[in-house]
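Shown below: upload33.csv, with CSV, C-alpha atoms and all ligand atoms.
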chain,number,residue,atom,x,y,z
A,181,MET,CA,0.0,0.0,0.0
A,182,MET,CA,1.3,3.4,-0.9
A,183,SER,CA,2.0,5.5,2.2
A,184,LEU,CA,0.7,8.9,3.1
A,185,PHE,CA,4.2,10.0,2.7
A,186,GLU,CA,4.2,9.1,-1.0
A,187,GLN,CA,0.6,10.1,-1.7
A,188,GLN,CA,0.6,13.3,0.2
A,189,TRP,CA,4.2,14.5,-0.2
A,190,GLN,CA,3.3,18.2,-0.3
A,191,THR,CA,1.1,17.8,2.8
A,192,TYR,CA,4.0,16.5,4.9
A,193,ARG,CA,6.3,19.2,3.5
A,194,THR,CA,3.8,21.8,4.6
A,195,VAL,CA,3.5,20.2,8.1
A,196,LEU,CA,7.3,20.4,8.4
A,197,GLU,CA,7.6,23.9,7.1
A,198,HIS,CA,5.0,25.2,9.6
A,199,ASP,CA,6.6,23.1,12.4
A,200,SER,CA,3.2,21.7,13.2
A,201,MET,CA,4.7,18.5,14.7
A,202,GLU,CA,7.6,20.3,16.5
A,203,HIS,CA,10.3,18.9,14.1
A,204,ARG,CA,12.6,21.9,15.0
A,205,ALA,CA,12.6,21.1,18.7
A,206,ILE,CA,13.0,17.4,17.9
A,207,ALA,CA,16.0,18.1,15.6
A,208,ASP,CA,17.6,20.0,18.5
A,209,ALA,CA,16.8,17.3,21.0
A,210,THR,CA,18.1,14.6,18.7
A,211,ALA,CA,21.3,16.5,18.0
A,212,SER,CA,21.9,17.0,21.7
A,213,VAL,CA,21.4,13.3,22.6
A,214,LEU,CA,23.5,12.0,19.8
A,215,ARG,CA,26.3,14.5,20.4
A,216,SER,CA,26.4,13.6,24.1
A,217,TRP,CA,26.5,9.9,23.3
A,218,PHE,CA,29.5,10.5,21.1
A,219,GLU,CA,31.2,12.7,23.7
A,220,GLN,CA,30.7,10.0,26.4
A,221,GLY,CA,31.6,7.1,24.2
A,222,GLY,CA,34.9,5.3,23.9
A,223,GLU,CA,36.5,3.7,20.8
A,224,GLN,CA,33.2,2.4,19.5
A,225,ALA,CA,31.5,5.8,19.6
A,226,ARG,CA,34.2,7.3,17.4
A,227,SER,CA,33.2,5.1,14.5
A,228,ALA,CA,29.5,4.3,15.0
A,229,VAL,CA,27.2,2.4,12.7
A,230,LEU,CA,23.8,4.2,12.6
A,231,VAL,CA,20.6,2.8,11.2
A,232,ASP,CA,17.7,5.2,10.6
A,233,LEU,CA,14.4,3.3,10.4
A,234,GLY,CA,11.6,5.0,8.5
A,235,CYS,CA,14.1,7.7,7.5
A,236,GLY,CA,11.7,9.6,5.2
A,237,ASP,CA,13.4,12.3,3.1
A,238,LEU,CA,15.9,13.5,5.7
A,239,ALA,CA,14.6,17.0,5.3
A,240,HIS,CA,15.4,18.1,8.8
A,241,LEU,CA,18.1,15.7,10.0
A,242,ALA,CA,20.5,15.4,7.1
A,243,PRO,CA,22.7,18.2,8.5
A,244,LEU,CA,23.0,16.5,11.8
A,245,PHE,CA,23.8,13.1,10.4
A,246,ARG,CA,26.4,14.7,8.1
A,247,SER,CA,28.1,16.2,11.1
A,248,LEU,CA,28.5,13.0,13.0
A,249,PRO,CA,31.6,10.8,13.0
A,250,LEU,CA,29.9,7.8,11.6
A,251,ARG,CA,31.4,4.6,10.2
A,252,SER,CA,28.2,4.2,8.1
A,253,TYR,CA,24.7,5.4,7.8
A,254,THR,CA,21.8,3.2,6.6
A,255,GLY,CA,18.5,4.9,5.7
A,256,LEU,CA,15.6,2.3,5.6
A,257,ASP,CA,12.1,3.1,4.5
A,258,LEU,CA,9.1,1.3,3.1
A,259,ALA,CA,8.8,4.0,0.4
A,260,ALA,CA,11.4,3.8,-2.4
A,261,SER,CA,10.6,7.3,-3.6
A,262,VAL,CA,11.6,9.0,-0.3
A,263,LEU,CA,14.9,7.1,-0.3
A,264,LEU,CA,16.0,9.0,-3.5
A,265,LEU,CA,15.1,12.3,-1.8
A,266,ALA,CA,17.0,11.3,1.3
A,267,GLU,CA,20.1,10.4,-0.6
A,268,ARG,CA,20.0,13.8,-2.3
A,269,GLN,CA,19.5,15.5,1.1
A,270,MET,CA,22.4,13.7,2.6
A,271,GLY,CA,24.7,14.8,-0.3
A,272,GLN,CA,28.4,14.1,-0.1
A,273,VAL,CA,29.6,12.6,3.2
A,274,ARG,CA,32.8,11.1,4.5
A,275,PHE,CA,31.2,7.8,5.5
A,276,PRO,CA,29.3,5.2,3.3
A,277,CYS,CA,25.6,5.5,3.1
A,278,HIS,CA,23.3,2.6,2.3
A,279,TRP,CA,19.7,3.0,1.2
A,280,ILE,CA,17.3,0.1,1.8
A,281,ARG,CA,13.7,-0.2,0.8
A,282,GLY,CA,12.3,-2.4,3.6
A,283,ASP,CA,10.1,-2.8,6.7
A,284,LEU,CA,11.6,-1.7,10.0
A,285,LEU,CA,10.1,-4.7,11.8
A,286,ASP,CA,11.7,-7.1,9.3
A,287,TRP,CA,15.0,-5.3,9.9
A,288,ALA,CA,14.6,-5.8,13.7
A,289,LYS,CA,13.9,-9.5,13.2
A,290,GLU,CA,16.8,-10.2,10.8
A,291,GLN,CA,19.5,-12.4,12.2
A,292,VAL,CA,22.9,-10.9,11.2
A,293,ASP,CA,26.4,-10.8,12.5
A,294,GLY,CA,27.7,-7.5,13.9
A,295,PRO,CA,25.7,-5.2,16.0
A,296,VAL,CA,24.8,-1.6,15.2
A,297,ASP,CA,25.7,1.2,17.6
A,298,LEU,CA,22.9,3.7,17.0
A,299,ILE,CA,19.3,3.2,15.9
A,300,HIS,CA,17.3,6.2,15.1
A,301,SER,CA,13.6,6.2,14.2
A,302,ALA,CA,11.2,9.2,14.0
A,303,PHE,CA,7.5,9.0,13.4
A,304,ALA,CA,7.4,5.5,12.0
A,305,ILE,CA,7.1,2.9,14.9
A,306,HIS,CA,3.6,4.2,15.8
A,307,HIS,CA,2.4,2.5,12.6
A,308,LEU,CA,3.0,-0.9,14.2
A,309,SER,CA,0.4,-2.7,16.2
A,310,ASP,CA,1.2,-3.1,19.9
A,311,SER,CA,2.3,-6.7,19.5
A,312,ASP,CA,4.6,-5.7,16.6
A,313,LYS,CA,6.0,-2.9,18.8
A,314,VAL,CA,7.0,-5.6,21.3
A,315,ARG,CA,8.6,-7.7,18.5
A,316,PHE,CA,10.4,-4.6,17.3
A,317,LEU,CA,11.9,-3.8,20.7
A,318,GLU,CA,13.0,-7.4,21.2
A,319,GLY,CA,14.6,-7.6,17.8
A,320,ALA,CA,16.2,-4.2,18.0
A,321,ARG,CA,17.7,-5.2,21.4
A,322,ARG,CA,19.3,-8.2,19.7
A,323,ARG,CA,20.7,-6.1,17.0
A,324,ILE,CA,22.2,-3.3,19.0
A,325,ALA,CA,25.6,-3.2,20.7
A,326,ASP,CA,25.6,-3.3,24.5
A,327,ASP,CA,26.7,0.3,24.8
A,328,GLY,CA,24.5,1.4,21.9
A,329,LEU,CA,21.5,3.8,21.9
A,330,LEU,CA,18.0,3.7,20.4
A,331,VAL,CA,16.7,7.2,19.7
A,332,TRP,CA,13.0,6.9,19.2
A,333,THR,CA,10.9,10.0,18.3
A,334,ASP,CA,7.2,9.5,17.8
A,335,VAL,CA,3.7,10.3,18.9
A,336,PHE,CA,2.7,8.6,22.2
A,337,GLN,CA,-0.6,8.3,24.1
A,338,GLU,CA,-1.0,9.2,27.7
A,339,GLU,CA,-1.2,6.1,29.8
A,340,HIS,CA,-4.9,6.2,30.7
A,341,GLU,CA,-6.1,7.6,27.5
A,342,SER,CA,-8.0,5.6,24.9
A,343,ARG,CA,-7.0,5.7,21.3
A,344,ALA,CA,-10.3,7.3,20.4
A,345,ARG,CA,-9.7,10.1,22.9
A,346,TYR,CA,-6.1,10.5,21.7
A,347,LEU,CA,-7.3,10.8,18.1
A,348,GLU,CA,-10.0,13.3,19.0
A,349,ARG,CA,-7.4,15.5,20.6
A,350,TYR,CA,-4.9,15.2,17.8
A,351,VAL,CA,-7.6,15.7,15.1
A,352,SER,CA,-8.6,19.0,16.8
A,353,ARG,CA,-5.0,20.1,16.5
A,354,VAL,CA,-4.8,19.2,12.8
A,355,GLN,CA,-7.9,21.3,12.2
A,356,HIS,CA,-5.8,24.3,13.1
A,357,TRP,CA,-2.6,23.4,11.3
A,358,PRO,CA,-1.6,26.3,9.0
A,359,GLY,CA,-1.0,26.0,5.3
A,360,LEU,CA,-3.2,23.0,4.6
A,361,SER,CA,-6.4,22.9,2.5
A,362,SER,CA,-9.4,21.1,4.0
A,363,ARG,CA,-8.8,18.2,1.6
A,364,GLN,CA,-5.2,17.9,2.9
A,365,ARG,CA,-6.5,18.0,6.5
A,366,ASP,CA,-9.0,15.3,5.7
A,367,ALA,CA,-6.3,13.1,4.2
A,368,VAL,CA,-4.2,13.5,7.4
A,369,VAL,CA,-7.1,12.7,9.6
A,370,GLU,CA,-8.0,9.6,7.5
A,371,HIS,CA,-4.4,8.4,7.6
A,372,MET,CA,-4.4,8.8,11.4
A,373,TYR,CA,-7.6,6.7,11.9
A,374,GLN,CA,-6.2,4.0,9.6
A,375,CYS,CA,-2.6,3.9,10.5
A,376,ASP,CA,-1.7,5.5,13.8
A,377,TRP,CA,-1.3,3.3,16.9
A,378,PRO,CA,0.8,5.4,19.3
A,379,ALA,CA,2.2,3.5,22.2
A,380,ARG,CA,0.9,4.4,25.7
A,381,ARG,CA,3.9,5.8,27.6
A,382,GLY,CA,3.7,3.7,30.7
A,383,TRP,CA,3.0,0.6,28.8
A,384,ILE,CA,6.0,1.1,26.4
A,385,GLU,CA,8.3,1.8,29.4
A,386,SER,CA,7.3,-1.6,30.8
A,387,VAL,CA,7.6,-3.4,27.5
A,388,ALA,CA,11.0,-1.8,26.9
A,389,SER,CA,12.2,-2.9,30.3
A,390,ASP,CA,11.0,-6.5,29.7
A,391,SER,CA,12.7,-6.5,26.3
A,392,GLY,CA,16.1,-5.6,27.7
A,393,TRP,CA,16.1,-1.8,27.5
A,394,MET,CA,16.1,1.1,29.9
A,395,LEU,CA,13.8,3.8,28.6
A,396,THR,CA,14.0,7.4,29.6
A,397,TRP,CA,12.1,10.4,28.1
A,398,SER,CA,14.6,12.9,26.8
A,399,TRP,CA,12.1,15.5,25.4
A,400,LEU,CA,8.4,15.9,25.6
A,401,GLY,CA,6.5,18.1,23.2
A,402,GLN,CA,3.8,20.7,24.1
A,403,HIS,CA,0.8,18.5,23.2
A,404,GLN,CA,1.0,15.3,25.2
A,405,ALA,CA,1.8,13.4,21.9
A,406,GLU,CA,5.2,14.0,20.3
A,407,ALA,CA,8.1,12.8,22.5
A,408,LEU,CA,11.6,11.5,22.2
A,409,ALA,CA,12.4,8.3,24.1
A,410,LEU,CA,16.0,7.1,24.7
A,411,LEU,CA,16.5,3.4,25.1
A,412,ARG,CA,19.7,2.1,26.4
A,413,PRO,CA,20.4,-1.7,26.4
A,414,LEU,CA,20.3,-3.3,29.8
A,415,PRO,CA,23.2,-5.7,30.4
A,416,SER,CA,23.0,-8.7,28.2
A,417,ALA,CA,22.5,-11.2,31.0
A,418,THR,CA,19.1,-9.6,31.7
A,419,SER,CA,18.2,-9.0,28.1
A,420,ASN,CA,18.8,-12.6,27.1
A,421,GLY,CA,17.4,-14.1,30.2
A,422,LEU,CA,13.9,-14.9,31.6
A,423,ASN,CA,13.1,-11.2,31.9
A,424,HIS,CA,12.4,-11.1,28.2
A,425,VAL,CA,8.7,-10.8,27.4
A,426,SER,CA,7.9,-13.5,24.9
A,427,ILE,CA,5.3,-12.7,22.4
A,428,ASN,CA,3.2,-15.5,23.8
A,429,GLU,CA,3.0,-13.7,27.1
A,430,LEU,CA,1.4,-10.7,25.6
A,431,GLY,CA,-2.0,-11.6,27.0
A,432,ARG,CA,-0.6,-10.6,30.4
A,433,LEU,CA,0.4,-7.1,29.3
A,434,PRO,CA,-2.1,-4.3,29.8
A,435,LEU,CA,-3.0,-3.9,26.2
A,436,ARG,CA,-5.5,-1.2,25.2
A,437,LYS,CA,-9.1,-2.4,24.4
A,438,ASP,CA,-9.1,-1.1,20.9
A,439,ASP,CA,-5.8,-2.6,19.8
A,440,LEU,CA,-6.1,-3.9,16.3
A,441,THR,CA,-4.5,-7.2,16.8
A,442,PHE,CA,-6.2,-8.4,20.0
N,501,LIG,C1,5.9,10.5,9.1
N,501,LIG,S1,7.2,10.0,8.0
N,501,LIG,C2,8.6,10.4,9.0
N,501,LIG,C3,9.8,10.6,8.2
N,501,LIG,C4,11.1,11.1,9.0
N,501,LIG,N1,11.6,10.0,9.9
N,501,LIG,C5,10.7,12.3,9.7
N,501,LIG,O1,10.8,12.3,11.0
N,501,LIG,O2,10.4,13.3,9.1
N,501,LIG,C6,7.1,8.2,8.3
N,501,LIG,C7,8.1,7.4,7.5
N,501,LIG,O3,8.2,6.1,7.9
N,501,LIG,C8,8.0,5.2,6.8
N,501,LIG,N2,7.5,4.0,7.4
N,501,LIG,C9,6.2,3.8,7.9
N,501,LIG,N3,6.1,2.5,8.3
N,501,LIG,C10,7.3,1.9,8.1
N,501,LIG,C11,7.8,0.6,8.3
N,501,LIG,N4,7.0,-0.4,8.8
N,501,LIG,N5,9.0,0.3,7.9
N,501,LIG,C12,9.8,1.2,7.3
N,501,LIG,N6,9.4,2.5,7.1
N,501,LIG,C13,8.2,2.8,7.5
N,501,LIG,C14,7.1,5.9,5.8
N,501,LIG,O4,7.3,5.5,4.5
N,501,LIG,C15,7.6,7.4,6.0
N,501,LIG,O5,8.7,7.7,5.2

What is this file in structure tokens?
Ligand SMILES: C[S@@+](CC[C@H](N)C(=O)[O-])C[C@H]1O[C@@H](n2cnc3c(N)ncnc32)[C@H](O)[C@@H]1O
Amino acid sequence: MMSLFEQQWQTYRTVLEHDSMEHRAIADATASVLRSWFEQGGEQARSAVLVDLGCGDLAHLAPLFRSLPLRSYTGLDLAASVLLLAERQMGQVRFPCHWIRGDLLDWAKEQVDGPVDLIHSAFAIHHLSDSDKVRFLEGARRRIADDGLLVWTDVFQEEHESRARYLERYVSRVQHWPGLSSRQRDAVVEHMYQCDWPARRGWIESVASDSGWMLTWSWLGQHQAEALALLRPLPSATSNGLNHVSINELGRLPLRKDDLTF
């Protein structure tokens, strides 16, 4: 299925230009967490392998990634057309870039040798169902180095808020977003109802911990929706042991009533 990103390219550009989803503050927060990770790191941080899941067109983060001392950058996205734009935005860099058309959940589930140091994902993981978010965090934990970092920007729900209430709140924001025609607003709203499944904040903290991560909130936006979560791997003994949530145990997790897959 063609994504909103492909179908409504101009719409997303307008949302970014008007900063309606706080991309500027997010770019600053992302720069700050990545730079401090590099400052604190040892040998490995000086030549980090970074994977950007759901990279989009890199309109706001290309300058940051260009400035980092990376060993390699991989941009992965479902939409082939945005990868071409991302490659152009990135331009000439000192490190090799790889562009992969693929699904971020498949990436997390792949069994490969050699961990990655940094995983970045912005506004993509909320398209996964809750059970797939669990699978994603388990898989990403397997693929990251023990001293790596997962930088996850996304929309999140308040813990005790239903999806219906969250959508109602967000849609009323969209109605006031500048620069969009009513048709474009309708397309955004339709996309949200079909595709957006933001994680509840408390729930994802507990899933992260059971999947071998320590999650902290590095930045919270103004609207109780956009936020930046930092996930640091817990020591391997815990992450590979019985503390892992198995997908079969999901029934015991406090899933929301209106989750698609349950
Ligand atoms: C809202 S855009 C965000 C783009 C960019 N990360 C940003 O913050 O501006 C979401 C991007 O994630 C991609 N995407 C959505 N679901 C995905 C999946 N399961 N695997 C890979 N990419 C996905 C879309 O194609 C789109 O480019």

(request) May I have the residues within 7 Å of ligand LIG 501 (chain N), computed using only C-alpha atoms and all ligand atoms, as a list in words? (result)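 So the residues close to ligand LIG 501 (chain N) are Ser183, Phe185, Leu233, Gly234, Cys235, Gly236, Asp237, Leu238, Ala239, His240, Leu256, Asp257, Leu258, Ala259, Val262, Gly282, Asp283, Leu284, Leu285, Ser301, Ala302, Phe303, Ala304, Ile305, His307 and Leu308 of chain A.
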
For C-alpha atoms, I'd like the residues from the last selection saved as a PDB file, in the frame of the given file.
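File out06.pdb, as written:
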ATOM      1  CA  SER A 183       2.000   5.500   2.200  1.00  0.00           C
ATOM      2  CA  PHE A 185       4.200  10.000   2.700  1.00  0.00           C
ATOM      3  CA  LEU A 233      14.400   3.300  10.400  1.00  0.00           C
ATOM      4  CA  GLY A 234      11.600   5.000   8.500  1.00  0.00           C
ATOM      5  CA  CYS A 235      14.100   7.700   7.500  1.00  0.00           C
ATOM      6  CA  GLY A 236      11.700   9.600   5.200  1.00  0.00           C
ATOM      7  CA  ASP A 237      13.400  12.300   3.100  1.00  0.00           C
ATOM      8  CA  LEU A 238      15.900  13.500   5.700  1.00  0.00           C
ATOM      9  CA  ALA A 239      14.600  17.000   5.300  1.00  0.00           C
ATOM     10  CA  HIS A 240      15.400  18.100   8.800  1.00  0.00           C
ATOM     11  CA  LEU A 256      15.600   2.300   5.600  1.00  0.00           C
ATOM     12  CA  ASP A 257      12.100   3.100   4.500  1.00  0.00           C
ATOM     13  CA  LEU A 258       9.100   1.300   3.100  1.00  0.00           C
ATOM     14  CA  ALA A 259       8.800   4.000   0.400  1.00  0.00           C
ATOM     15  CA  VAL A 262      11.600   9.000  -0.300  1.00  0.00           C
ATOM     16  CA  GLY A 282      12.300  -2.400   3.600  1.00  0.00           C
ATOM     17  CA  ASP A 283      10.100  -2.800   6.700  1.00  0.00           C
ATOM     18  CA  LEU A 284      11.600  -1.700  10.000  1.00  0.00           C
ATOM     19  CA  LEU A 285      10.100  -4.700  11.800  1.00  0.00           C
ATOM     20  CA  SER A 301      13.600   6.200  14.200  1.00  0.00           C
ATOM     21  CA  ALA A 302      11.200   9.200  14.000  1.00  0.00           C
ATOM     22  CA  PHE A 303       7.500   9.000  13.400  1.00  0.00           C
ATOM     23  CA  ALA A 304       7.400   5.500  12.000  1.00  0.00           C
ATOM     24  CA  ILE A 305       7.100   2.900  14.900  1.00  0.00           C
ATOM     25  CA  HIS A 307       2.400   2.500  12.600  1.00  0.00           C
ATOM     26  CA  LEU A 308       3.000  -0.900  14.200  1.00  0.00           C
TER      27      LEU A 308
END

(message) Report as number ranges by chain all protein, DNA and RNA residues lying within 12 Å of Val273 of chain A, evaluated on only C-alpha atoms, omitting residues in the same chain fewer than 2 positions from it.
(response) A: 242-253, 267-271, 275-278

(request) For the point (-1.7, 5.4, 32.7) in the file's frame, write as a PyMOL selection string all residues with an atom no more than 12 Å away, counting all atoms listed in the file. (result) chain A and resi 336-342+379-386+434-436

(request) Check the smallest atom-to-atom distance from each of A:Val369, A:Ala211, A:Leu330, A:Val351 to Ala409 of chain A using only C-alpha atoms, then report the winner. (result)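 Ranking A:Val369, A:Ala211, A:Leu330, A:Val351 by distance to Ala409 of chain A, first place goes to A:Leu330.
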
(request) Choose the residue, out of A:Cys375, A:Arg323, A:Leu241, A:Gly328, that has the smallest atom-to-atom separation from Leu196 of chain A; count all atoms listed in the file. (result)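 Using all atoms listed in the file, Leu196 of chain A sits closest to A:Leu241.
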
(request) Name the residues in contact with segment 357-363 of chain A at a cut-off of 10 Å, using all atoms listed in the file, excluding same-chain residues fewer than 2 positions from it; report them as a VMD selection string. (result) chain A and resid 190 to 192 194 to 195 197 to 201 351 to 355 365 to 369

(message) Using all atoms listed in the file, can you tell me which of A:Ser261, A:Gln404, A:Ser389, A:Gln374 comes closest to Val335 of chain A?
(response)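 Closest residue, counting all atoms listed in the file: A:Gln404.
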
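Separating atom CA of Arg204 of chain A from atom CA of His403 of chain A is a distance of 14.8 Å.
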
(request) Write out as a PyMOL selection string the residues lying within 10 Å of segment 392-402 of chain A, counting all atoms listed in the file and excluding same-chain residues fewer than 3 positions away. (result) chain A and resi 201-203+205-206+208-210+212-213+317-318+320-322+329-333+335-336+381+384-389+405-421+423-425

(message) From the options A:Asp376, A:Asp334, A:Ser227, A:Asp312, which residue's atoms come nearest to Arg274 of chain A, counting all atoms listed in the file?
(response)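 Under the stated criterion, the closest residue is A:Ser227.
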
(request) Rounded to one decimal place, report the atom CA of Val292 of chain A-atom CA of Val231 of chain A distance in Å. (result) 13.9 Å

(message) Using all atoms listed in the file for the distances, tell me which of A:Asp297, A:Glu219, A:Asp232, A:Asp310 is nearest to Trp279 of chain A.
(response)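 Residue with the minimum atom-to-atom distance to Trp279 of chain A: A:Asp232.
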
(request) Could you check how far atom CA of Tyr346 of chain A sits from atom CA of Val314 of chain A, in Å to one decimal? (result) 20.8 Å

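Nearest residue to Asp286 of chain A, choosing from A:Ala207, A:Gly319, A:Ala260, A:Ser309 and counting all atoms listed in the file: A:Gly319.
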
Regenerate segment 184-207 of chain A at the level of N, CA and C atoms and dump it as an mmCIF file, in the frame of the given file.
data_model
loop_
_atom_site.group_PDB
_atom_site.id
_atom_site.type_symbol
_atom_site.label_atom_id
_atom_site.label_comp_id
_atom_site.auth_asym_id
_atom_site.auth_seq_id
_atom_site.Cartn_x
_atom_site.Cartn_y
_atom_site.Cartn_z
ATOM 1 N N LEU A 184 1.063 7.467 3.123
ATOM 2 C CA LEU A 184 0.700 8.900 3.100
ATOM 3 C C LEU A 184 1.828 9.728 2.588
ATOM 4 N N PHE A 185 3.025 9.276 3.040
ATOM 5 C CA PHE A 185 4.200 10.000 2.700
ATOM 6 C C PHE A 185 4.363 10.159 1.184
ATOM 7 N N GLU A 186 4.087 9.058 0.469
ATOM 8 C CA GLU A 186 4.200 9.100 -1.000
ATOM 9 C C GLU A 186 3.030 9.860 -1.600
ATOM 10 N N GLN A 187 1.813 9.531 -1.128
ATOM 11 C CA GLN A 187 0.600 10.100 -1.700
ATOM 12 C C GLN A 187 0.514 11.606 -1.438
ATOM 13 N N GLN A 188 0.871 11.983 -0.250
ATOM 14 C CA GLN A 188 0.600 13.300 0.200
ATOM 15 C C GLN A 188 1.945 14.040 0.527
ATOM 16 N N TRP A 189 2.838 13.950 -0.417
ATOM 17 C CA TRP A 189 4.200 14.500 -0.200
ATOM 18 C C TRP A 189 4.116 15.962 0.205
ATOM 19 N N GLN A 190 3.352 16.743 -0.555
ATOM 20 C CA GLN A 190 3.300 18.200 -0.300
ATOM 21 C C GLN A 190 2.669 18.464 1.066
ATOM 22 N N THR A 191 1.736 17.626 1.462
ATOM 23 C CA THR A 191 1.100 17.800 2.800
ATOM 24 C C THR A 191 2.151 17.711 3.883
ATOM 25 N N TYR A 192 2.962 16.661 3.808
ATOM 26 C CA TYR A 192 4.000 16.500 4.900
ATOM 27 C C TYR A 192 4.999 17.597 4.839
ATOM 28 N N ARG A 193 5.384 18.036 3.629
ATOM 29 C CA ARG A 193 6.300 19.200 3.500
ATOM 30 C C ARG A 193 5.743 20.394 4.225
ATOM 31 N N THR A 194 4.451 20.636 4.008
ATOM 32 C CA THR A 194 3.800 21.800 4.600
ATOM 33 C C THR A 194 3.792 21.679 6.144
ATOM 34 N N VAL A 195 3.484 20.474 6.615
ATOM 35 C CA VAL A 195 3.500 20.200 8.100
ATOM 36 C C VAL A 195 4.856 20.554 8.652
ATOM 37 N N LEU A 196 5.896 20.118 7.947
ATOM 38 C CA LEU A 196 7.300 20.400 8.400
ATOM 39 C C LEU A 196 7.605 21.867 8.354
ATOM 40 N N GLU A 197 7.223 22.496 7.231
ATOM 41 C CA GLU A 197 7.600 23.900 7.100
ATOM 42 C C GLU A 197 6.937 24.771 8.161
ATOM 43 N N HIS A 198 5.728 24.416 8.580
ATOM 44 C CA HIS A 198 5.000 25.200 9.600
ATOM 45 C C HIS A 198 5.369 24.654 11.026
ATOM 46 N N ASP A 199 6.210 23.659 11.081
ATOM 47 C CA ASP A 199 6.600 23.100 12.400
ATOM 48 C C ASP A 199 5.450 22.579 13.191
ATOM 49 N N SER A 200 4.441 22.071 12.520
ATOM 50 C CA SER A 200 3.200 21.700 13.200
ATOM 51 C C SER A 200 3.419 20.469 14.140
ATOM 52 N N MET A 201 4.436 19.660 13.841
ATOM 53 C CA MET A 201 4.700 18.500 14.700
ATOM 54 C C MET A 201 6.013 18.677 15.484
ATOM 55 N N GLU A 202 6.420 19.930 15.622
ATOM 56 C CA GLU A 202 7.600 20.300 16.500
ATOM 57 C C GLU A 202 8.896 19.650 15.980
ATOM 58 N N HIS A 203 9.046 19.528 14.649
ATOM 59 C CA HIS A 203 10.300 18.900 14.100
ATOM 60 C C HIS A 203 11.532 19.735 14.500
ATOM 61 N N ARG A 204 11.386 21.062 14.663
ATOM 62 C CA ARG A 204 12.600 21.900 15.000
ATOM 63 C C ARG A 204 13.124 21.504 16.359
ATOM 64 N N ALA A 205 12.205 21.479 17.322
ATOM 65 C CA ALA A 205 12.600 21.100 18.700
ATOM 66 C C ALA A 205 13.146 19.692 18.720
ATOM 67 N N ILE A 206 12.523 18.836 17.933
ATOM 68 C CA ILE A 206 13.000 17.400 17.900
ATOM 69 C C ILE A 206 14.354 17.328 17.299
ATOM 70 N N ALA A 207 14.624 18.100 16.243
ATOM 71 C CA ALA A 207 16.000 18.100 15.600
ATOM 72 C C ALA A 207 17.005 18.518 16.668
#
